[in-house]
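Remarks on the structure that follows.
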Amino acid sequence: MNKPGGIGTSEPAITPQIVAEHGLTAEEYERVLSIMGRAPSITELGIFSVMWSEHCSYKSSRKWLRRLPTTGKVVIQGPGENAGVIDIGDGQAAIFKMESHNHPSFIEPYQGAATGVGGIMRDVFTMGARPIANLNALRFGAPDDPKTRHLLGGVVAGIGGYGNCMGVPTVGGEVNFHPAYNGNILVNAMTVGIADKNKIFYSKAAGVGNPVIYVGAKTGRDGIHGATMASAEFTEDSEEKRPTVQVGDPFTEKLLLEACLELMATDAIVAIQDMGAAGLTSSSVEMSSKGGLGIELELDRVPMRESGMTPYEIMLSESQERMLMVIKPEARQRAREIFEKWELDFAEIGQLTDGGHLVLKMNGRVYADMPVAPLVEQAPLYDRPHLPTPRAEAITATSLPARDPIASLLKLMGSADLCSRRWVWEQYDHLVMGQTVVRPGGDAAVVRLERGPKGLALTTDCTPRYCQADPKTGGAQAVAESWRNLTAVGARPLAITDNMNFGNPQRPEIMGQFVGCVEGIREACLALDYPVVSGNVSLYNETNGKGILPTPAIGGVGVIDDVGKATTIAFKGEGKAIILIGKTAGHLGCSLYLREIEGREEGAPPPVDLKAERAHGEFVRARIDARELSACHDLADGGLLVALAEMALAGNVGASIALPKDVPAHAFCFGEDQARYLVTVAKPKAEGLLSAARAAGIPAEILGETGGNALTLAGGNTISLSKLRAAHEGFLPALMNS
Amino acid sequence: MQAAVVVFPGSNREVDAAKALEAAMGRPPEMVWNRDSELPKVDLIVVPGGFSYGDYLRCGAIAAHSPVLREVKARAKAGVAVLGICNGFQILTEAGLLPGVLLRNAGLGFVCRNVGLKVETSQSLFTSGYSEGQNLSIPVAHHDGNYFADDGMLDRLEEKGQIAFRYCDAAGGETKQANPNGSARNIAGVFNDTKNVLGLMPHPENAVEPLQGSTDGKALFKGIVEALS
């Protein structure tokens, strides 16, 4: 083994303080020493630090993530690659993943969110896919928290700024507000791409002597230690971490996308990996470790944006819009021509070796020489103590006062979590590419595939307050709601990506939330045949010891054979029968009604019956496929009356419904019972639908019919659509313009 | 009829434009990479939407000085039809082919939505597929679409019939609410003085089939093809 020449000359000696600053525990450093057989150089220590960070090594979560179902008929590539890959038929594959950029977005909302979008898009086109849609899942603090407006405005502008410039439509997402996110917002970005099934690119390096190529933007000092930052709690000094946030350049990424896809159309590439978290370090280590090979890099050949960068800085930089590839030697010239056409840097910076070592040289000196395999295989793995969340008491509807449902509805429709998100998604180009069939604002977005009439349905979902009260039920509910949203537009749900956002895993109650959510996700995925193909874990979402609500955001992908059949939530004209599918017990525990109207955040979340979920969904999907339904909406946050109002506003058609006698009105109107849909059919077809439901053993009842320009409850209590619309559409613009 | 779509680094609606043209012409247009100063001999040149050169400096400013734009200008002078959509409109104003400028949206943010659009004249090769006063639904998707010119110039444009489209509400009213970006006099698209160059902010290429929610953009492409064939 070469002893790195940098030691004792220009590089600092390793002290316990330097080790601690790198986020390594004493035990972890002992492991470094035993792997190296000597003290590491500062460059080597930096590499261990990022590779063994929570962000890169999943050291607290790995044990539990292994429990998730990741295989199935449609799965081509599960977790472990840049993104998950599923078979969508006709020789095509959908490639997708969701990833968090929480910490950077809190520090610098525009750039944090923008580079989050850039990073996840790179993960997808690295695999050979052209991105066709972006989604996101966002959580902010209380609307009246002094930072919320600044963060919301910056994040939305950043997501739009990057995605719009890339020419990839941002078609869906979710936004929630809760004081638990005051000090830790969540920005989870998801990209979905399409590739030919037999033209997928992986990161496993092969071929000793093959050239290692760096392409894209130049390397600067931005983002050094981003992965380590993302693996620690925030304190009041976090503002000082602003320099660790990267700066995005979507224009360069657009060129990188086009250049990569052009090169991928040839057979030049052996392996490819984007430089995301931990930049050149994780890309070179991952490619070589997967191939069981070594890699030798000449760092002076790395295109640099500024002078005087040290090997340590080059390896740890998180400058954006960069890729690392291993190509066939004979393809050098062709590859160079393509990248030069797109005016991007192209540099051969090293080669694959058979020594199994990562060797870093600069100006003829060796700065690191370390075995690759143990960096990955001997990464710490923790079985952290975990405490189950105490069971929450059920809330009975009769224990709550009876109130006027219409007044409650108006308040809910204008509340932060139920108001229209138009202010958000109108800042995203959701129409570029011309394939957006169902736009934002419904249950799931639908985009047509190039060859048509087939399309993908896409959604992101999570109900963190359920996860807080009962992690397992909450985890299952997030998956079930995602599945239901895809079903509600007529799609067959195929697979998910998960973005696990939690607090400090070293606290047993937080680890208990994580374990519970994983268990719930697992059960739902198994019951719904809906495997996890990619994901990301973001821990330490805490500020000054206060954690966020557990938020396992689920990104769902489904396929619809003919996008012409896709159903939307909007009422289509008057005189349609409104039918409720599914059973309503009136569960108000953890509901938005309880929070917004009664001012209470407590109780057990609604139970998730996965068998009923599946049966009800399959029934609804078959009706949509037979073109029987004129509108369909899943029931979730806010319950039945909120869903009804959303359908009426979307179609600008009112409705009159009757309330049953056996459930208290407030519970029937606002209970958040699962596995339910509201659908409309032509009146003469209503009885047929009910008898089909009866035959299938599925609860279904006619509630009323569409018509007029108001929502009216039997008994005459009514509200105009214009009044509802003003409340619903007014909240976010008023908040942001105040 | 032959058409070309000019592609810059950062263009992103070139494919959408090409598809709309192909549907109208029955064959695909030629895609011309910006560094090719050789433009094929065509009847129509389309400068598509996107973020040419990242919209750095000023939207359209760098593309307006590219070699291919010199050739586009020469062709336009010779009477060839030139259509600039969104970023293409910005490029054509920066290149001096169209009057006025496009400022940042009055609301300061990017805006993507279907807008009402009133056809000001059917007397042009671009708008012959419409009737005067027709009310269209076409999407916009831009950050800098706030059309500005001084009052004298606006008066002249109106006198000479150089206003192609204005933002309007469902009843045809040219109201402030119907104006998505603060454009002067609700102007969404303008011609040059010989009416062989049109620039507009909305995206007719994204409103050509029922699944896109509107087919009102179709008649623009169909009208062009009929006028130039």
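Ordering of the structure tokens sets the chain letters (A, B, ...); residue numbers start at 1 within each chain; ligands are numbered from 1 in the order shown.
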Compute the chain B side of the contact with chain A at 10 Å, counting only C-alpha atoms, and hand it back as a ChimeraX atom specification. /B:9-17,19-20,35,49-56,109-114,139-143,203,205-213
So that I can check the surroundings of Pro180 in chain B, please list as a PyMOL selection string every protein, DNA and RNA residue that reaches within 8 Å of it, counting only C-alpha atoms and ignoring chain neighbours fewer than 4 positions away. chain B and resi 105+111+115+167
Given the selection you just returned, output its residues as a file containing N, CA and C atoms, formatted as a PDB file, in the first residue's frame.
```pdb
ATOM      1  N   ASN B 105     -42.981  39.157 -15.546  1.00  0.00           N
ATOM      2  CA  ASN B 105     -44.413  39.179 -15.248  1.00  0.00           C
ATOM      3  C   ASN B 105     -44.716  40.136 -14.095  1.00  0.00           C
ATOM      4  N   VAL B 111     -45.874  31.776 -14.547  1.00  0.00           N
ATOM      5  CA  VAL B 111     -47.298  31.460 -14.571  1.00  0.00           C
ATOM      6  C   VAL B 111     -47.620  30.475 -15.688  1.00  0.00           C
ATOM      7  N   VAL B 115     -55.253  30.565 -20.758  1.00  0.00           N
ATOM      8  CA  VAL B 115     -55.783  31.929 -20.741  1.00  0.00           C
ATOM      9  C   VAL B 115     -56.757  32.098 -21.897  1.00  0.00           C
ATOM     10  N   TYR B 167     -55.108  39.159 -24.367  1.00  0.00           N
ATOM     11  CA  TYR B 167     -55.690  38.370 -23.284  1.00  0.00           C
ATOM     12  C   TYR B 167     -57.086  38.889 -22.986  1.00  0.00           C
TER      13      TYR B 167
END
```
Between A:Leu458, A:Val376, A:Leu659, A:Ala626, single out the one closest to Ala495 in chain A, counting only C-alpha atoms. A:Leu458
Extract the full set of strand (DSSP E or B) residues from range 59-287 of chain A according to DSSP on the backbone, and format it as a ChimeraX atom specification. /A:75-77,79,81,84-89,92-100,130-140,170-177,186-196,211-216,219,234,269-274
Give me the residues near Val679 in chain A as a list in words, where near means some atom within 6 Å (using only C-alpha atoms) and where sequence neighbours in that chain fewer than 6 positions away do not count. Ile578, Ile579, Ala631 and Cys632 of chain A
With a distance cut-off of 12 Å and only C-alpha atoms, select the neighbouring residues of Gly173 in chain A, excluding the residue or stretch itself and same-chain residues fewer than 3 positions from it, and output the selection as a VMD selection string. chain A and resid 98 133 to 139 156 159 169 to 170 176 187 to 191 421 to 422 424 to 425 428 430 439 to 445 458 to 462 482 485 553 to 556
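Using only C-alpha atoms, the protein and nucleic acid residues lying no more than 10 Å from Val101 in chain B, apart from those fewer than 2 places from it along its own chain, are Phe89, Gln90, Ile91, Leu92, Thr93, Glu94, Gly96, Leu98, Pro99, Leu103, Asp144, Gly145, Asn146, Tyr147, Phe148 and Ala149 of chain B.
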Expressed in Å to a single decimal, how great is the separation between CA of Phe339 in chain A and CA of Asp123 in chain A? 18.8 Å
Rank B:Ala24, B:Leu198, B:Leu44, B:Leu117 by their smallest atom-to-atom distance to Arg166 in chain B, using only C-alpha atoms, and report the top residue only. B:Leu117
Which neighbours of Gly133 in chain B fall inside 12 Å, counting only C-alpha atoms, when residues of the same chain fewer than 3 positions from it are skipped, and could you give them as a list in words?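 Surrounding residues, per the criterion: Gly116, Leu117, Lys118, Val119, Glu120, Thr121, Ser122, Gln123, Thr127, Tyr130, Leu136, Ala164, Phe165, Arg166, Tyr167, Cys168, Ala171, Gly172, Gly173 and Glu174 of chain B.
From CA of Val192 in chain A back to CA of Lys454 in chain A, the distance works out to 15.2 Å.
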Residues within 12 Å of Val124 in chain A, only C-alpha atoms, excluding chain neighbours under 4 positions, as a count of residues only: 41
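CA of Val537 in chain A sits 24.0 Å away from CA of Val32 in chain A.
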Could you tell me which of A:Asp383, A:Glu28, A:Glu298, A:Glu262 comes closest to Ser53 in chain A if we count only C-alpha atoms?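 Under the stated criterion, the closest residue is A:Glu28.
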Quick one: DSSP alpha helix (DSSP H) residues in range 594-661 of chain A, as a PyMOL selection string? chain A and resi 594-596+610-625+639-651
